[in-house]
Amino acid sequence: MIDFCGIELAHPVINASGCFDVLAARACFGEELIERFPFSAYVSKTVTLAPRAGNPPPRLWESAAGMINSIGLPNPGIEGYLDEHLGEYAKLGVPLITNVMGSTAAEFVALLAALEDRSEVAAIELNVSCPNVATGLDIGADPRGLRLLLEELRPLTQKPLIVKLTPNTADVGACASAAEEGGADAVSLINTLRAMALGYGGKPWLGGGSGGLSGPAIRAVALAQVASVAERVAIPIVGMGGVSSGADAAALLEVGALLVAVGTESFRDPAAGARISAELARLFAENAGS
Ligand SMILES: Cc1cc2nc3c(=O)[nH]c(=O)nc-3n(C[C@H](O)[C@H](O)[C@H](O)COP(=O)(O)O)c2cc1C
């Protein structure tokens, strides 16, 4: 058992937000998926205060060793999430981490208030990759702003707060440290790296203009960023970015992560979660025996 912010988890592998739609997966794989759920906690896709339709298509570009997505966080809004999704997620038999994003501190406050009395929610992941409407900078890219946000949010909830850091910043260690000073219980990283692709006639391919790069292409960046954050904070780290195998997961644990999240690999191999957990367990067993 792993103690993650007071939550007991059976093993260190969870899903990355937005990368495992459990309702769609159940429709494909049936109830067996629920009976042998591959992740030790389930992380929801980002939920915002108001419903969002997401970006116009095309939304995906396959890059060398990865993909660029410009999905644009479509979601039913917090009310729709509570009415339509929470009940289903609560049946999974693993702790639920709800990922939320606000574009102002007031929006984050309202999102936390809506979740506070919902015992189905074990922890809240704060997606701070959204531009601050006042400064235009990503909220999570500015250490001072991030600390102030956490100082405002921390007293408002009993639930653990995990800050999902953006890699699109000059010094991710400073941002992680600011989140910890503000009262974050854990940090998770990395989110996608800002990227774009050109289509016909030199026009951006993606409907949203630019998007976020993920998959094996970002694995080495994730390893470096998790290692530098581990040197700066004492709170638990959820490492992610290009994890495709047990060995990739082990590398993130080696440099200081407590948990590892599987993202893009689940689109390529829908059974990746179970496979990566089994590979990691085998590596642990081999190391214990050597
Ligand atoms: C299609 C897609 C949708 C995503 N949606 C979200 C999201 O809703 N919220 C979020 O915090 N991160 C989201 N992410 C980022 C992932 O959670 C993860 O941080 C990133 O993809 C790096 O991991 P990976 O290389 O294993 O995919 C998304 C990534 C992809 C590829």
# chains A, B, ... in the order shown; residues from 1 in each chain; ligands from 1

$ closest_atom_pairs --of "segment 57-162 of chain A" --to "segment 17-24 of chain A" --cutoff "8 Å" --atoms "only C-alpha atoms" --output "Markdown table"
| residue | atom | partner | partner_atom | distance |
| --- | --- | --- | --- | --- |
| A:Glu88 | CA | A:Leu23 | CA | 7.9 |
| A:Tyr89 | CA | A:Val22 | CA | 7.9 |
| A:Asn99 | CA | A:Ser17 | CA | 7.0 |

$ write_last_selection --atoms "C-alpha atoms" --output "PDB file, in the first residue's frame"
ATOM      1  CA  GLU A  88     -20.326   6.496 -12.249  1.00  0.00           C
ATOM      2  CA  TYR A  89     -16.765   7.289 -11.142  1.00  0.00           C
ATOM      3  CA  ASN A  99      -9.169  17.694 -11.806  1.00  0.00           C
TER       4      ASN A  99
END

$ residues_around --residues "Glu265 of chain A" --least-positions-apart "2" --cutoff "7 Å" --atoms "only C-alpha atoms" --output "PyMOL selection string"
chain A and resi 215+243-244+262-263+267-269+272

$ residues_around --residues "segment 245-248 of chain A" --least-positions-apart "3" --cutoff "7 Å" --atoms "only C-alpha atoms" --output "CSV table (one decimal) with C-alpha atoms, in the first residue's frame"
chain,number,residue,atom,x,y,z
A,251,ALA,CA,12.7,5.9,-14.1
A,252,LEU,CA,10.3,8.6,-12.8
A,276,ILE,CA,2.6,-1.0,-17.1
A,277,SER,CA,1.6,-1.9,-13.6
A,279,GLU,CA,5.8,-4.6,-15.8
A,280,LEU,CA,6.6,-2.3,-12.8

$ residues_near_ligand --ligand "ligand 1" --cutoff "7 Å" --atoms "only C-alpha atoms and all ligand atoms" --output "number ranges by chain"
A: 16-19, 45-46, 69, 71, 73, 99, 127, 164, 189-192, 214-216, 218-219, 240-243, 261-265

$ residues_around --residues "Glu116 of chain A" --least-positions-apart "3" --cutoff "9 Å" --atoms "only C-alpha atoms" --output "list in words"
Leu111, Leu112, Ala113, Ser119, Val121, Leu156, Thr157, Gln158 and Lys159 of chain A

$ select_by_dssp --residues "segment 67-243 of chain A" --states "alpha helix (DSSP H)" --output "JSON, numbers by chain"
{"A": [77, 78, 79, 80, 86, 87, 88, 89, 90, 105, 106, 107, 108, 109, 110, 111, 112, 113, 114, 115, 116, 143, 144, 145, 146, 147, 148, 149, 150, 151, 152, 153, 172, 173, 174, 175, 176, 177, 178, 179, 180, 181, 182, 219, 220, 221, 222, 223, 224, 225, 226, 227, 228, 229, 230]}

$ select_by_dssp --residues "segment 6-203 of chain A" --states "strand (DSSP E)" --output "PyMOL selection string"
chain A and resi 7-9+13-15+42-43+60-63+66-69+96-100+121-127+161-164+186-189+193-195

$ atom_distance --atom1 "atom CA of Thr48 of chain A" --atom2 "atom CA of Ala106 of chain A"
12.0 Å

$ residues_around --residues "Tyr42 of chain A" --least-positions-apart "3" --cutoff "8 Å" --atoms "only C-alpha atoms" --output "list in words"
Ile14, Asn15, Phe39, Tyr89, Val94, Pro95, Leu96 and Ile97 of chain A

$ closest_residue --among "A:Gly140, A:Pro56, A:Gly289, A:Gly145" --to "Leu165 of chain A" --atoms "only C-alpha atoms"
A:Gly140

$ residues_around --residues "Val260 of chain A" --least-positions-apart "5" --cutoff "7 Å" --atoms "only C-alpha atoms" --output "ChimeraX atom specification"
/A:12-14,238-240,249

$ residues_around --residues "Gly182 of chain A" --least-positions-apart "3" --cutoff "7 Å" --atoms "only C-alpha atoms" --output "VMD selection string"
chain A and resid 147 to 148 150 to 151 178 to 179

$ write_last_selection --atoms "C-alpha atoms" --output "mmCIF file, in the first residue's frame"
data_model
loop_
_atom_site.group_PDB
_atom_site.id
_atom_site.type_symbol
_atom_site.label_atom_id
_atom_site.label_comp_id
_atom_site.auth_asym_id
_atom_site.auth_seq_id
_atom_site.Cartn_x
_atom_site.Cartn_y
_atom_site.Cartn_z
ATOM 1 C CA ARG A 147 1.676 30.718 -4.150
ATOM 2 C CA LEU A 148 -1.010 33.387 -3.665
ATOM 3 C CA LEU A 150 -2.735 28.225 -3.081
ATOM 4 C CA GLU A 151 -2.770 30.434 0.023
ATOM 5 C CA ALA A 178 5.798 28.108 -4.560
ATOM 6 C CA ALA A 179 2.914 25.617 -4.648
#

$ closest_residue --among "A:Ser188, A:Ser177, A:Ser44, A:Asn55" --to "Ile162 of chain A" --atoms "only C-alpha atoms"
A:Ser188

$ closest_atom_pairs --of "segment 84-176 of chain A" --to "segment 223-229 of chain A" --cutoff "9 Å" --atoms "only C-alpha atoms" --output "Markdown table"
| residue | atom | partner | partner_atom | distance |
| --- | --- | --- | --- | --- |
| A:Pro167 | CA | A:Gln225 | CA | 7.7 |
| A:Val172 | CA | A:Val229 | CA | 6.8 |
| A:Gly173 | CA | A:Val229 | CA | 4.6 |
| A:Ala174 | CA | A:Val229 | CA | 8.1 |
| A:Cys175 | CA | A:Val229 | CA | 8.8 |
| A:Ala176 | CA | A:Val229 | CA | 6.3 |

$ atom_distance --atom1 "atom CA of Ala25 of chain A" --atom2 "atom CA of Ala222 of chain A"
26.6 Å
